[in-house]
$ cat run_32.pdb   # PDB, C-alpha atoms
ATOM      1  CA  MET A 529      13.864 -13.583   2.990  1.00  0.00           C
ATOM      2  CA  PHE A 530      12.211 -14.137   6.380  1.00  0.00           C
ATOM      3  CA  VAL A 531      10.681 -11.190   8.246  1.00  0.00           C
ATOM      4  CA  SER A 532      10.400 -11.844  11.974  1.00  0.00           C
ATOM      5  CA  VAL A 533       7.809 -10.683  14.474  1.00  0.00           C
ATOM      6  CA  ASP A 534      10.581  -8.899  16.364  1.00  0.00           C
ATOM      7  CA  LEU A 535      11.664  -6.962  13.271  1.00  0.00           C
ATOM      8  CA  LEU A 536       8.115  -5.781  12.612  1.00  0.00           C
ATOM      9  CA  HIS A 537       7.502  -4.948  16.265  1.00  0.00           C
ATOM     10  CA  GLU A 538      10.831  -3.490  17.365  1.00  0.00           C
ATOM     11  CA  ASP A 539      11.925  -1.739  14.152  1.00  0.00           C
ATOM     12  CA  MET A 540       8.546  -0.689  12.760  1.00  0.00           C
ATOM     13  CA  GLY A 541       6.359  -0.546  15.858  1.00  0.00           C
ATOM     14  CA  VAL A 542       3.821  -3.094  14.583  1.00  0.00           C
ATOM     15  CA  ASP A 543       1.575  -4.521  17.296  1.00  0.00           C
ATOM     16  CA  LYS A 544       2.811  -8.003  18.209  1.00  0.00           C
ATOM     17  CA  THR A 545      -0.564  -9.681  17.690  1.00  0.00           C
ATOM     18  CA  ILE A 546      -0.817  -8.234  14.181  1.00  0.00           C
ATOM     19  CA  ALA A 547       2.815  -9.011  13.403  1.00  0.00           C
ATOM     20  CA  ARG A 548       2.467 -12.609  14.588  1.00  0.00           C
ATOM     21  CA  PHE A 549      -0.743 -13.123  12.627  1.00  0.00           C
ATOM     22  CA  PHE A 550       0.792 -12.164   9.294  1.00  0.00           C
ATOM     23  CA  VAL A 551       4.230 -13.698   9.864  1.00  0.00           C
ATOM     24  CA  ASP A 552       2.646 -17.042  10.751  1.00  0.00           C
ATOM     25  CA  ARG A 553      -0.038 -16.969   8.053  1.00  0.00           C
ATOM     26  CA  LYS A 554       0.256 -19.514   5.278  1.00  0.00           C
ATOM     27  CA  VAL A 555       0.604 -18.313   1.707  1.00  0.00           C
ATOM     28  CA  PRO A 556      -2.848 -18.484   0.039  1.00  0.00           C
ATOM     29  CA  GLY A 557      -2.942 -21.097  -2.689  1.00  0.00           C
ATOM     30  CA  GLY A 558      -3.768 -20.072  -6.245  1.00  0.00           C
ATOM     31  CA  ASN A 559      -3.203 -16.399  -5.474  1.00  0.00           C
ATOM     32  CA  ALA A 560      -1.184 -14.486  -8.084  1.00  0.00           C
ATOM     33  CA  TYR A 561       0.108 -12.028  -5.493  1.00  0.00           C
ATOM     34  CA  TRP A 562       1.907 -14.794  -3.603  1.00  0.00           C
ATOM     35  CA  GLU A 563       2.772 -16.925  -6.646  1.00  0.00           C
ATOM     36  CA  LYS A 564       6.076 -18.760  -6.104  1.00  0.00           C
ATOM     37  CA  ARG A 565       6.323 -17.209  -2.623  1.00  0.00           C
ATOM     38  CA  LEU A 566       7.067 -19.406   0.375  1.00  0.00           C
ATOM     39  CA  LEU A 567       6.456 -16.697   2.980  1.00  0.00           C
ATOM     40  CA  TYR A 568       3.405 -14.518   3.518  1.00  0.00           C
ATOM     41  CA  VAL A 569       5.569 -11.566   4.583  1.00  0.00           C
ATOM     42  CA  GLY A 570       8.939 -11.402   2.857  1.00  0.00           C
ATOM     43  CA  ARG A 571      11.445  -8.559   2.715  1.00  0.00           C
ATOM     44  CA  GLY A 572       9.814  -6.911  -0.279  1.00  0.00           C
ATOM     45  CA  ASN A 573       7.933  -3.678   0.414  1.00  0.00           C
ATOM     46  CA  GLY A 574       4.932  -5.133  -1.404  1.00  0.00           C
ATOM     47  CA  TYR A 575       4.504  -7.650   1.429  1.00  0.00           C
ATOM     48  CA  ILE A 576       5.771  -5.794   4.487  1.00  0.00           C
ATOM     49  CA  PHE A 577       3.231  -3.034   3.879  1.00  0.00           C
ATOM     50  CA  ILE A 578       0.376  -5.403   4.780  1.00  0.00           C
ATOM     51  CA  PRO A 579       1.092  -5.852   8.535  1.00  0.00           C
ATOM     52  CA  VAL A 580       2.365  -2.259   8.754  1.00  0.00           C
ATOM     53  CA  TYR A 581      -0.845  -0.811   7.276  1.00  0.00           C
ATOM     54  CA  TYR A 582      -3.075  -3.052   9.359  1.00  0.00           C
ATOM     55  CA  ASP A 583      -1.195  -1.819  12.404  1.00  0.00           C
ATOM     56  CA  LEU A 584      -1.937   1.778  11.377  1.00  0.00           C
ATOM     57  CA  LEU A 585      -5.628   0.859  11.087  1.00  0.00           C
ATOM     58  CA  PHE A 586      -5.428  -0.622  14.591  1.00  0.00           C
ATOM     59  CA  ARG A 587      -3.794   2.560  15.869  1.00  0.00           C
ATOM     60  CA  ILE A 588      -6.664   4.732  14.605  1.00  0.00           C
ATOM     61  CA  GLY A 589      -9.092   2.651  16.630  1.00  0.00           C
ATOM     62  CA  ILE A 590     -10.242  -0.330  14.565  1.00  0.00           C
ATOM     63  CA  PRO A 591     -10.429  -3.466  16.749  1.00  0.00           C
ATOM     64  CA  VAL A 592      -7.963  -6.265  16.036  1.00  0.00           C
ATOM     65  CA  ARG A 593     -10.776  -8.821  15.950  1.00  0.00           C
ATOM     66  CA  GLN A 594     -12.335  -6.962  12.996  1.00  0.00           C
ATOM     67  CA  LEU A 595      -9.050  -6.396  11.183  1.00  0.00           C
ATOM     68  CA  LEU A 596      -7.886  -9.986  11.472  1.00  0.00           C
ATOM     69  CA  ALA A 597     -11.240 -11.706  10.955  1.00  0.00           C
ATOM     70  CA  GLU A 598     -10.647 -14.622   8.580  1.00  0.00           C
ATOM     71  CA  GLU A 599     -13.433 -13.625   6.195  1.00  0.00           C
ATOM     72  CA  HIS A 600     -11.997 -10.123   5.852  1.00  0.00           C
ATOM     73  CA  ILE A 601      -8.397 -11.288   5.404  1.00  0.00           C
ATOM     74  CA  GLN A 602      -9.430 -13.698   2.657  1.00  0.00           C
ATOM     75  CA  PHE A 603     -11.296 -10.806   1.030  1.00  0.00           C
ATOM     76  CA  MET A 604      -8.165  -8.630   1.192  1.00  0.00           C
ATOM     77  CA  GLU A 605      -6.089 -11.424  -0.345  1.00  0.00           C
ATOM     78  CA  LYS A 606      -8.519 -11.728  -3.268  1.00  0.00           C
ATOM     79  CA  ILE A 607      -8.203  -7.992  -3.962  1.00  0.00           C
ATOM     80  CA  LEU A 608      -4.420  -8.372  -4.090  1.00  0.00           C
ATOM     81  CA  HIS A 609      -4.837 -11.376  -6.398  1.00  0.00           C
ATOM     82  CA  LEU A 610      -6.846  -9.300  -8.882  1.00  0.00           C
ATOM     83  CA  ALA A 611      -4.469  -6.360  -8.538  1.00  0.00           C
ATOM     84  CA  MET A 612      -1.488  -8.575  -9.374  1.00  0.00           C
ATOM     85  CA  LEU A 613      -3.256 -10.063 -12.388  1.00  0.00           C
ATOM     86  CA  ALA A 614      -3.804  -6.515 -13.640  1.00  0.00           C
ATOM     87  CA  GLU A 615      -0.216  -5.452 -12.882  1.00  0.00           C
ATOM     88  CA  SER A 616       1.161  -8.448 -14.758  1.00  0.00           C
ATOM     89  CA  ARG A 617      -1.260  -7.687 -17.622  1.00  0.00           C
ATOM     90  CA  GLN A 618      -3.020 -11.023 -17.412  1.00  0.00           C
ATOM     91  CA  ILE A 619      -6.230  -8.984 -17.136  1.00  0.00           C
ATOM     92  CA  ASN A 620      -6.860  -5.313 -17.832  1.00  0.00           C
ATOM     93  CA  HIS A 621      -7.769  -2.608 -15.319  1.00  0.00           C
ATOM     94  CA  THR A 622     -11.473  -2.757 -16.186  1.00  0.00           C
ATOM     95  CA  VAL A 623     -11.651  -6.518 -15.644  1.00  0.00           C
ATOM     96  CA  MET A 624      -9.933  -6.064 -12.276  1.00  0.00           C
ATOM     97  CA  LEU A 625     -12.546  -3.540 -11.164  1.00  0.00           C
ATOM     98  CA  GLU A 626     -15.386  -5.747 -12.402  1.00  0.00           C
ATOM     99  CA  GLY A 627     -13.958  -8.609 -10.351  1.00  0.00           C
ATOM    100  CA  ILE A 628     -13.803  -6.399  -7.260  1.00  0.00           C
ATOM    101  CA  LYS A 629     -17.398  -5.260  -7.827  1.00  0.00           C
ATOM    102  CA  LYS A 630     -18.551  -8.891  -7.863  1.00  0.00           C
ATOM    103  CA  MET A 631     -16.719  -9.510  -4.584  1.00  0.00           C
ATOM    104  CA  PHE A 632     -18.679  -6.696  -2.959  1.00  0.00           C
ATOM    105  CA  ILE A 633     -22.148  -7.932  -3.840  1.00  0.00           C
ATOM    106  CA  GLY A 634     -24.086  -8.063  -0.558  1.00  0.00           C
ATOM    107  CA  ARG A 635     -21.169  -7.025   1.660  1.00  0.00           C
ATOM    108  CA  ILE A 636     -20.389  -3.305   1.199  1.00  0.00           C
ATOM    109  CA  LYS A 637     -19.987  -1.643   4.585  1.00  0.00           C
ATOM    110  CA  ASN A 638     -19.092   1.857   3.357  1.00  0.00           C
ATOM    111  CA  GLU A 639     -21.262   2.683   0.348  1.00  0.00           C
ATOM    112  CA  SER A 640     -20.053   6.273  -0.107  1.00  0.00           C
ATOM    113  CA  LEU A 641     -16.362   5.308  -0.010  1.00  0.00           C
ATOM    114  CA  TYR A 642     -17.029   2.398  -2.360  1.00  0.00           C
ATOM    115  CA  SER A 643     -18.640   4.726  -4.922  1.00  0.00           C
ATOM    116  CA  GLU A 644     -15.847   7.273  -4.424  1.00  0.00           C
ATOM    117  CA  LEU A 645     -13.180   4.645  -5.098  1.00  0.00           C
ATOM    118  CA  LEU A 646     -14.919   3.413  -8.241  1.00  0.00           C
ATOM    119  CA  PHE A 647     -15.253   6.965  -9.584  1.00  0.00           C
ATOM    120  CA  TYR A 648     -11.557   7.545  -8.888  1.00  0.00           C
ATOM    121  CA  LEU A 649     -10.210   4.222 -10.184  1.00  0.00           C
ATOM    122  CA  GLU A 650     -12.373   4.106 -13.321  1.00  0.00           C
ATOM    123  CA  GLN A 651     -10.446   7.075 -14.773  1.00  0.00           C
ATOM    124  CA  PRO A 652      -8.418   6.239 -17.906  1.00  0.00           C
ATOM    125  CA  VAL A 653      -5.421   7.814 -16.142  1.00  0.00           C
ATOM    126  CA  ILE A 654      -5.610   7.734 -12.351  1.00  0.00           C
ATOM    127  CA  LYS A 655      -5.472  11.348 -11.154  1.00  0.00           C
ATOM    128  CA  PRO A 656      -6.378  12.861  -7.764  1.00  0.00           C
ATOM    129  CA  LYS A 657     -10.090  13.058  -6.973  1.00  0.00           C
ATOM    130  CA  GLY A 658     -10.956  14.707  -3.671  1.00  0.00           C
ATOM    131  CA  ARG A 659      -9.170  12.902  -0.849  1.00  0.00           C
ATOM    132  CA  LEU A 660      -7.981  10.124  -3.150  1.00  0.00           C
ATOM    133  CA  GLY A 661      -4.842  10.079  -5.245  1.00  0.00           C
ATOM    134  CA  MET A 662      -1.382  11.604  -5.449  1.00  0.00           C
ATOM    135  CA  ILE A 663       0.008  14.050  -8.001  1.00  0.00           C
ATOM    136  CA  THR A 664       1.516  11.421 -10.316  1.00  0.00           C
ATOM    137  CA  PRO A 665      -0.153   8.239 -11.655  1.00  0.00           C
ATOM    138  CA  ALA A 666       2.826   6.106 -10.630  1.00  0.00           C
ATOM    139  CA  LEU A 667       2.141   6.871  -6.965  1.00  0.00           C
ATOM    140  CA  ASN A 668      -1.459   5.693  -7.327  1.00  0.00           C
ATOM    141  CA  ARG A 669      -0.661   2.255  -8.680  1.00  0.00           C
ATOM    142  CA  GLY A 670      -1.569   0.390  -5.504  1.00  0.00           C
ATOM    143  CA  ASP A 671      -4.811   2.181  -4.671  1.00  0.00           C
ATOM    144  CA  ALA A 672      -7.121  -0.752  -5.450  1.00  0.00           C
ATOM    145  CA  PHE A 673      -6.076  -1.998  -2.005  1.00  0.00           C
ATOM    146  CA  LEU A 674      -8.153   0.809  -0.481  1.00  0.00           C
ATOM    147  CA  PHE A 675     -11.238  -1.275  -1.253  1.00  0.00           C
ATOM    148  CA  VAL A 676     -10.415  -3.234   1.921  1.00  0.00           C
ATOM    149  CA  LEU A 677     -11.712  -0.204   3.841  1.00  0.00           C
ATOM    150  CA  CYS A 678     -15.151  -0.792   2.341  1.00  0.00           C
ATOM    151  CA  ASP A 679     -15.195  -4.201   4.023  1.00  0.00           C
ATOM    152  CA  LEU A 680     -14.648  -2.749   7.502  1.00  0.00           C
ATOM    153  CA  ASN A 681     -17.045  -0.925   9.822  1.00  0.00           C
ATOM    154  CA  LEU A 682     -15.457   2.524   9.937  1.00  0.00           C
ATOM    155  CA  SER A 683     -16.594   5.980  10.930  1.00  0.00           C
ATOM    156  CA  GLU A 684     -16.017   8.870   8.528  1.00  0.00           C
ATOM    157  CA  GLN A 685     -13.185  10.113  10.735  1.00  0.00           C
ATOM    158  CA  GLU A 686     -11.543   6.672  10.652  1.00  0.00           C
ATOM    159  CA  ILE A 687     -11.875   6.557   6.866  1.00  0.00           C
ATOM    160  CA  ASN A 688     -10.182   9.949   6.522  1.00  0.00           C
ATOM    161  CA  LEU A 689      -7.309   8.857   8.751  1.00  0.00           C
ATOM    162  CA  ALA A 690      -7.016   5.467   7.019  1.00  0.00           C
ATOM    163  CA  ILE A 691      -6.679   7.219   3.646  1.00  0.00           C
ATOM    164  CA  GLN A 692      -4.210   9.795   4.978  1.00  0.00           C
ATOM    165  CA  TYR A 693      -1.953   7.146   6.491  1.00  0.00           C
ATOM    166  CA  TRP A 694      -2.293   4.936   3.417  1.00  0.00           C
ATOM    167  CA  TYR A 695      -0.747   7.584   1.196  1.00  0.00           C
ATOM    168  CA  ALA A 696       1.950   8.458   3.737  1.00  0.00           C
ATOM    169  CA  LEU A 697       2.904   4.778   4.012  1.00  0.00           C
ATOM    170  CA  VAL A 698       2.502   3.367   0.531  1.00  0.00           C
ATOM    171  CA  THR A 699       3.914   6.300  -1.433  1.00  0.00           C
ATOM    172  CA  THR A 700       6.998   6.046   0.769  1.00  0.00           C
ATOM    173  CA  TYR A 701       7.446   2.411  -0.243  1.00  0.00           C
ATOM    174  CA  LEU A 702       6.741   3.220  -3.902  1.00  0.00           C
ATOM    175  CA  LEU A 703       9.177   6.136  -3.979  1.00  0.00           C
ATOM    176  CA  MET A 704      11.937   4.118  -2.327  1.00  0.00           C
ATOM    177  CA  ASP A 705      11.417   1.306  -4.828  1.00  0.00           C
ATOM    178  CA  ASP A 706      11.447   3.781  -7.719  1.00  0.00           C
ATOM    179  CA  VAL A 707      14.705   5.339  -6.517  1.00  0.00           C
ATOM    180  CA  TYR A 708      16.333   1.897  -6.512  1.00  0.00           C
ATOM    181  CA  ASP A 709      14.864   1.058  -9.923  1.00  0.00           C
ATOM    182  CA  TYR A 710      15.290   4.487 -11.540  1.00  0.00           C
ATOM    183  CA  LYS A 711      17.930   3.604 -14.133  1.00  0.00           C
ATOM    184  CA  HIS A 712      16.238   0.323 -15.065  1.00  0.00           C
ATOM    185  CA  ASP A 713      12.784   1.915 -15.315  1.00  0.00           C
ATOM    186  CA  LYS A 714      14.016   4.820 -17.424  1.00  0.00           C
ATOM    187  CA  LEU A 715      16.000   2.579 -19.760  1.00  0.00           C
ATOM    188  CA  ASN A 716      12.993   0.310 -20.279  1.00  0.00           C
ATOM    189  CA  GLN A 717      10.448   3.145 -20.310  1.00  0.00           C
ATOM    190  CA  GLU A 718       8.566   1.634 -17.383  1.00  0.00           C
ATOM    191  CA  GLU A 719       6.317   3.570 -15.028  1.00  0.00           C
ATOM    192  CA  SER A 720       8.382   5.603 -12.567  1.00  0.00           C
ATOM    193  CA  SER A 721       7.325   8.204 -10.044  1.00  0.00           C
ATOM    194  CA  ILE A 722      10.808   9.777 -10.245  1.00  0.00           C
ATOM    195  CA  VAL A 723      10.391  10.391 -13.975  1.00  0.00           C
ATOM    196  CA  GLU A 724       6.855  11.695 -13.483  1.00  0.00           C
ATOM    197  CA  LEU A 725       8.019  14.053 -10.724  1.00  0.00           C
ATOM    198  CA  GLY A 726      10.416  15.807 -13.097  1.00  0.00           C
ATOM    199  CA  ASP A 727      13.145  13.240 -13.782  1.00  0.00           C
ATOM    200  CA  GLY A 728      16.822  13.562 -12.840  1.00  0.00           C
ATOM    201  CA  HIS A 729      17.723  15.955 -10.011  1.00  0.00           C
ATOM    202  CA  THR A 730      14.274  17.567 -10.107  1.00  0.00           C
ATOM    203  CA  GLY A 731      12.513  14.225  -9.788  1.00  0.00           C
ATOM    204  CA  PHE A 732      14.674  13.153  -6.865  1.00  0.00           C
ATOM    205  CA  GLU A 733      14.271  16.491  -5.085  1.00  0.00           C
ATOM    206  CA  ASN A 734      10.492  16.337  -5.426  1.00  0.00           C
ATOM    207  CA  ALA A 735      10.530  12.736  -4.219  1.00  0.00           C
ATOM    208  CA  MET A 736      12.523  13.759  -1.149  1.00  0.00           C
ATOM    209  CA  ARG A 737       9.987  16.465  -0.327  1.00  0.00           C
ATOM    210  CA  ILE A 738       7.178  13.923  -0.433  1.00  0.00           C
ATOM    211  CA  LEU A 739       9.183  11.444   1.658  1.00  0.00           C
ATOM    212  CA  ASP A 740       9.965  14.107   4.256  1.00  0.00           C
ATOM    213  CA  ASN A 741       6.294  15.043   4.543  1.00  0.00           C
ATOM    214  CA  ASN A 742       5.278  11.375   4.755  1.00  0.00           C
ATOM    215  CA  CYS A 743       7.653  10.838   7.684  1.00  0.00           C
ATOM    216  CA  LYS A 744       6.132  13.819   9.497  1.00  0.00           C
ATOM    217  CA  ILE A 745       2.648  12.381   9.042  1.00  0.00           C
ATOM    218  CA  LEU A 746       3.670   8.889  10.183  1.00  0.00           C
ATOM    219  CA  ASP A 747       5.628  10.294  13.123  1.00  0.00           C
ATOM    220  CA  SER A 748       2.326  11.467  14.595  1.00  0.00           C
ATOM    221  CA  ILE A 749       0.994   7.917  14.849  1.00  0.00           C
ATOM    222  CA  ASN A 750       4.010   5.573  14.859  1.00  0.00           C
ATOM    223  CA  ARG A 751       7.375   7.098  15.726  1.00  0.00           C
ATOM    224  CA  PHE A 752       9.191   3.759  15.330  1.00  0.00           C
ATOM    225  CA  LEU A 753       8.030   3.506  11.729  1.00  0.00           C
ATOM    226  CA  SER A 754       8.972   7.115  10.990  1.00  0.00           C
ATOM    227  CA  VAL A 755      12.492   6.617  12.379  1.00  0.00           C
ATOM    228  CA  ASP A 756      12.917   3.398  10.376  1.00  0.00           C
ATOM    229  CA  PHE A 757      11.865   5.167   7.181  1.00  0.00           C
ATOM    230  CA  LYS A 758      14.215   8.096   7.836  1.00  0.00           C
ATOM    231  CA  ARG A 759      17.097   5.665   8.202  1.00  0.00           C
ATOM    232  CA  ARG A 760      16.207   3.868   4.985  1.00  0.00           C
ATOM    233  CA  ILE A 761      15.684   7.113   3.086  1.00  0.00           C
ATOM    234  CA  ALA A 762      19.117   8.357   4.201  1.00  0.00           C
ATOM    235  CA  ASP A 763      20.607   5.200   2.678  1.00  0.00           C
ATOM    236  CA  LEU A 764      19.105   6.184  -0.698  1.00  0.00           C
ATOM    237  CA  GLN A 765      21.091   9.398  -1.025  1.00  0.00           C
ATOM    238  CA  ASP A 766      23.958   7.807  -2.971  1.00  0.00           C
ATOM    239  CA  LEU A 767      21.503   6.504  -5.577  1.00  0.00           C
ATOM    240  CA  MET A 768      20.127   9.936  -6.385  1.00  0.00           C
ATOM    241  CA  VAL A 769      21.687  11.508  -9.489  1.00  0.00           C
TER
END
$ encode --input "run_32.pdb" --output "structure tokens"
Amino acid sequence: MFVSVDLLHEDMGVDKTIARFFVDRKVPGGNAYWEKRLLYVGRGNGYIFIPVYYDLLFRIGIPVRQLLAEEHIQFMEKILHLAMLAESRQINHTVMLEGIKKMFIGRIKNESLYSELLFYLEQPVIKPKGRLGMITPALNRGDAFLFVLCDLNLSEQEINLAIQYWYALVTTYLLMDDVYDYKHDKLNQEESSIVELGDGHTGFENAMRILDNNCKILDSINRFLSVDFKRRIADLQDLMV
């Protein structure tokens, strides 16, 4: 389903230049993340998060020309390609990381963060390490995307903010998806943050606490996005057992 520039800008506060760039971008060929997709940004949270997160990076001070540089965007798309291959079990987690390492040969811009991410993501079970990671593995399932930060010229303060806003944004999307999919995931014994947070009423209550805190964090940088999330979270109440 089509996502317009106006929806991204007016409902989520995304800068119009960033919104237009991603809405108009052609789907990359041969990329598993966009396989069978006709639109670069569809209604799914797994696609909307891209312009929304890049807008957050812009808001913390990273120039648009750096964020939207073609070489960097193609690099980001390749990371998502490898991540999708791993998620669909066409390759394993180790092969995904080896592929990402090869992509970084001669182009790492943040050596310390790069090493930190490898140390964190090479764990057999992804658990919090320092500033990286949430309390349940299911909420860390998209963290390979953080490698894009190693391809940008960022100060340490910008890195800290980029990580903070990443978890506030992406765990909100993951939790909302897991609320919708709770019964299906539990029946099929698939990874679920709701189950990992205590299951049933306890899992939903813990999820709501995280969502509430995420909205407070995002409110400090993008009030439009925070309000949109609060509205969507309120709509989830009937799905919570």
$ atom_distance --input "run_32.pdb" --atom1 "atom CA of Lys630 of chain A" --atom2 "atom CA of Leu608 of chain A"
14.6 Å
$ resolve_selection --input "run_32.pdb" --expression "the PyMOL selection byres ((chain A and resi 561) around 8)" --output "ChimeraX atom specification"
/A:559-560,562-563,608-609,611-613
$ resolve_selection --input "run_32.pdb" --expression "the PyMOL selection byres ((chain A and resi 731) around 12)" --output "PyMOL selection string"
chain A and resi 664+703+706-707+710+720-730+732-738+768-769
$ residues_near_point --input "run_32.pdb" --point "(-11.5, -11.0, -7.8)" --cutoff "6 Å" --atoms "all atoms listed in the file" --output "list of chain:residue names"
A:Lys606, A:Ile607, A:Leu610, A:Gly627, A:Ile628
$ closest_residue --input "run_32.pdb" --among "A:Tyr693, A:Glu605, A:His537, A:Arg659" --to "Gly558 of chain A" --atoms "only C-alpha atoms"
A:Glu605
$ resolve_selection --input "run_32.pdb" --expression "the PyMOL selection byres ((chain A and resi 640) around 12)" --output "PyMOL selection string"
chain A and resi 636-639+641-647+675+677-678+682-684+687
$ write_last_selection --input "run_32.pdb" --atoms "C-alpha atoms" --output "PDB file, keeping the file's coordinate frame"
ATOM      1  CA  ILE A 636     -20.389  -3.305   1.199  1.00  0.00           C
ATOM      2  CA  LYS A 637     -19.987  -1.643   4.585  1.00  0.00           C
ATOM      3  CA  ASN A 638     -19.092   1.857   3.357  1.00  0.00           C
ATOM      4  CA  GLU A 639     -21.262   2.683   0.348  1.00  0.00           C
ATOM      5  CA  LEU A 641     -16.362   5.308  -0.010  1.00  0.00           C
ATOM      6  CA  TYR A 642     -17.029   2.398  -2.360  1.00  0.00           C
ATOM      7  CA  SER A 643     -18.640   4.726  -4.922  1.00  0.00           C
ATOM      8  CA  GLU A 644     -15.847   7.273  -4.424  1.00  0.00           C
ATOM      9  CA  LEU A 645     -13.180   4.645  -5.098  1.00  0.00           C
ATOM     10  CA  LEU A 646     -14.919   3.413  -8.241  1.00  0.00           C
ATOM     11  CA  PHE A 647     -15.253   6.965  -9.584  1.00  0.00           C
ATOM     12  CA  PHE A 675     -11.238  -1.275  -1.253  1.00  0.00           C
ATOM     13  CA  LEU A 677     -11.712  -0.204   3.841  1.00  0.00           C
ATOM     14  CA  CYS A 678     -15.151  -0.792   2.341  1.00  0.00           C
ATOM     15  CA  LEU A 682     -15.457   2.524   9.937  1.00  0.00           C
ATOM     16  CA  SER A 683     -16.594   5.980  10.930  1.00  0.00           C
ATOM     17  CA  GLU A 684     -16.017   8.870   8.528  1.00  0.00           C
ATOM     18  CA  ILE A 687     -11.875   6.557   6.866  1.00  0.00           C
TER      19      ILE A 687
END
$ atom_distance --input "run_32.pdb" --atom1 "atom CA of Ser748 of chain A" --atom2 "atom CA of Asn573 of chain A"
21.5 Å
$ atom_distance --input "run_32.pdb" --atom1 "atom CA of Lys554 of chain A" --atom2 "atom CA of Gln602 of chain A"
11.6 Å
$ closest_residue --input "run_32.pdb" --among "A:Val698, A:Asn716, A:Phe603, A:Gln685" --to "Phe757 of chain A" --atoms "all atoms listed in the file"
A:Val698
$ closest_residue --input "run_32.pdb" --among "A:Asn688, A:Ser616, A:Gln717, A:Ser532" --to "Leu567 of chain A" --atoms "only C-alpha atoms"
A:Ser532
$ residues_around --input "run_32.pdb" --residues "Leu566 of chain A" --least-positions-apart "3" --cutoff "12 Å" --atoms "only C-alpha atoms" --output "MDAnalysis selection string"
chainID A and resid 529:531 551:557 561:563 569:571
$ closest_residue --input "run_32.pdb" --among "A:Asn668, A:Leu689, A:Tyr568, A:Gly658" --to "Phe586 of chain A" --atoms "all atoms listed in the file"
A:Leu689
$ residues_around --input "run_32.pdb" --residues "Met604 of chain A" --least-positions-apart "4" --cutoff "8 Å" --atoms "all atoms listed in the file" --output "VMD selection string"
chain A and resid 600 608 673 676
$ closest_residue --input "run_32.pdb" --among "A:Ser754, A:Thr622, A:Thr545, A:Thr700" --to "Pro652 of chain A" --atoms "only C-alpha atoms"
A:Thr622
$ closest_residue --input "run_32.pdb" --among "A:Ile745, A:Leu660, A:Met624, A:Leu674" --to "Ala696 of chain A" --atoms "only C-alpha atoms"
A:Ile745
$ decode --input "run_32.pdb" --residues "segment 541-553 of chain A" --atoms "N, CA and C atoms" --output "PDB file, in the first residue's frame"
ATOM      1  N   GLY A 541       6.066  13.659  11.046  1.00  0.00           N
ATOM      2  CA  GLY A 541       7.050  14.725  11.194  1.00  0.00           C
ATOM      3  C   GLY A 541       8.320  14.559  10.394  1.00  0.00           C
ATOM      4  N   VAL A 542       8.344  13.635   9.424  1.00  0.00           N
ATOM      5  CA  VAL A 542       9.551  13.397   8.636  1.00  0.00           C
ATOM      6  C   VAL A 542       9.824  14.590   7.718  1.00  0.00           C
ATOM      7  N   ASP A 543      11.068  15.034   7.698  1.00  0.00           N
ATOM      8  CA  ASP A 543      11.477  16.116   6.810  1.00  0.00           C
ATOM      9  C   ASP A 543      11.051  15.806   5.374  1.00  0.00           C
ATOM     10  N   LYS A 544      10.532  16.803   4.676  1.00  0.00           N
ATOM     11  CA  LYS A 544       9.986  16.556   3.336  1.00  0.00           C
ATOM     12  C   LYS A 544      11.030  16.072   2.339  1.00  0.00           C
ATOM     13  N   THR A 545      12.249  16.570   2.436  1.00  0.00           N
ATOM     14  CA  THR A 545      13.300  16.135   1.514  1.00  0.00           C
ATOM     15  C   THR A 545      13.594  14.650   1.719  1.00  0.00           C
ATOM     16  N   ILE A 546      13.671  14.233   2.975  1.00  0.00           N
ATOM     17  CA  ILE A 546      13.929  12.828   3.288  1.00  0.00           C
ATOM     18  C   ILE A 546      12.739  11.970   2.876  1.00  0.00           C
ATOM     19  N   ALA A 547      11.544  12.434   3.189  1.00  0.00           N
ATOM     20  CA  ALA A 547      10.341  11.686   2.818  1.00  0.00           C
ATOM     21  C   ALA A 547      10.255  11.506   1.305  1.00  0.00           C
ATOM     22  N   ARG A 548      10.466  12.566   0.557  1.00  0.00           N
ATOM     23  CA  ARG A 548      10.396  12.510  -0.896  1.00  0.00           C
ATOM     24  C   ARG A 548      11.449  11.565  -1.460  1.00  0.00           C
ATOM     25  N   PHE A 549      12.644  11.615  -0.918  1.00  0.00           N
ATOM     26  CA  PHE A 549      13.730  10.769  -1.406  1.00  0.00           C
ATOM     27  C   PHE A 549      13.344   9.297  -1.337  1.00  0.00           C
ATOM     28  N   PHE A 550      12.846   8.863  -0.196  1.00  0.00           N
ATOM     29  CA  PHE A 550      12.539   7.443  -0.026  1.00  0.00           C
ATOM     30  C   PHE A 550      11.243   7.035  -0.715  1.00  0.00           C
ATOM     31  N   VAL A 551      10.241   7.899  -0.717  1.00  0.00           N
ATOM     32  CA  VAL A 551       8.989   7.572  -1.395  1.00  0.00           C
ATOM     33  C   VAL A 551       9.215   7.410  -2.902  1.00  0.00           C
ATOM     34  N   ASP A 552      10.063   8.253  -3.461  1.00  0.00           N
ATOM     35  CA  ASP A 552      10.313   8.226  -4.902  1.00  0.00           C
ATOM     36  C   ASP A 552      11.366   7.204  -5.329  1.00  0.00           C
ATOM     37  N   ARG A 553      12.111   6.665  -4.370  1.00  0.00           N
ATOM     38  CA  ARG A 553      13.218   5.774  -4.724  1.00  0.00           C
ATOM     39  C   ARG A 553      12.699   4.462  -5.313  1.00  0.00           C
TER      40      ARG A 553
END
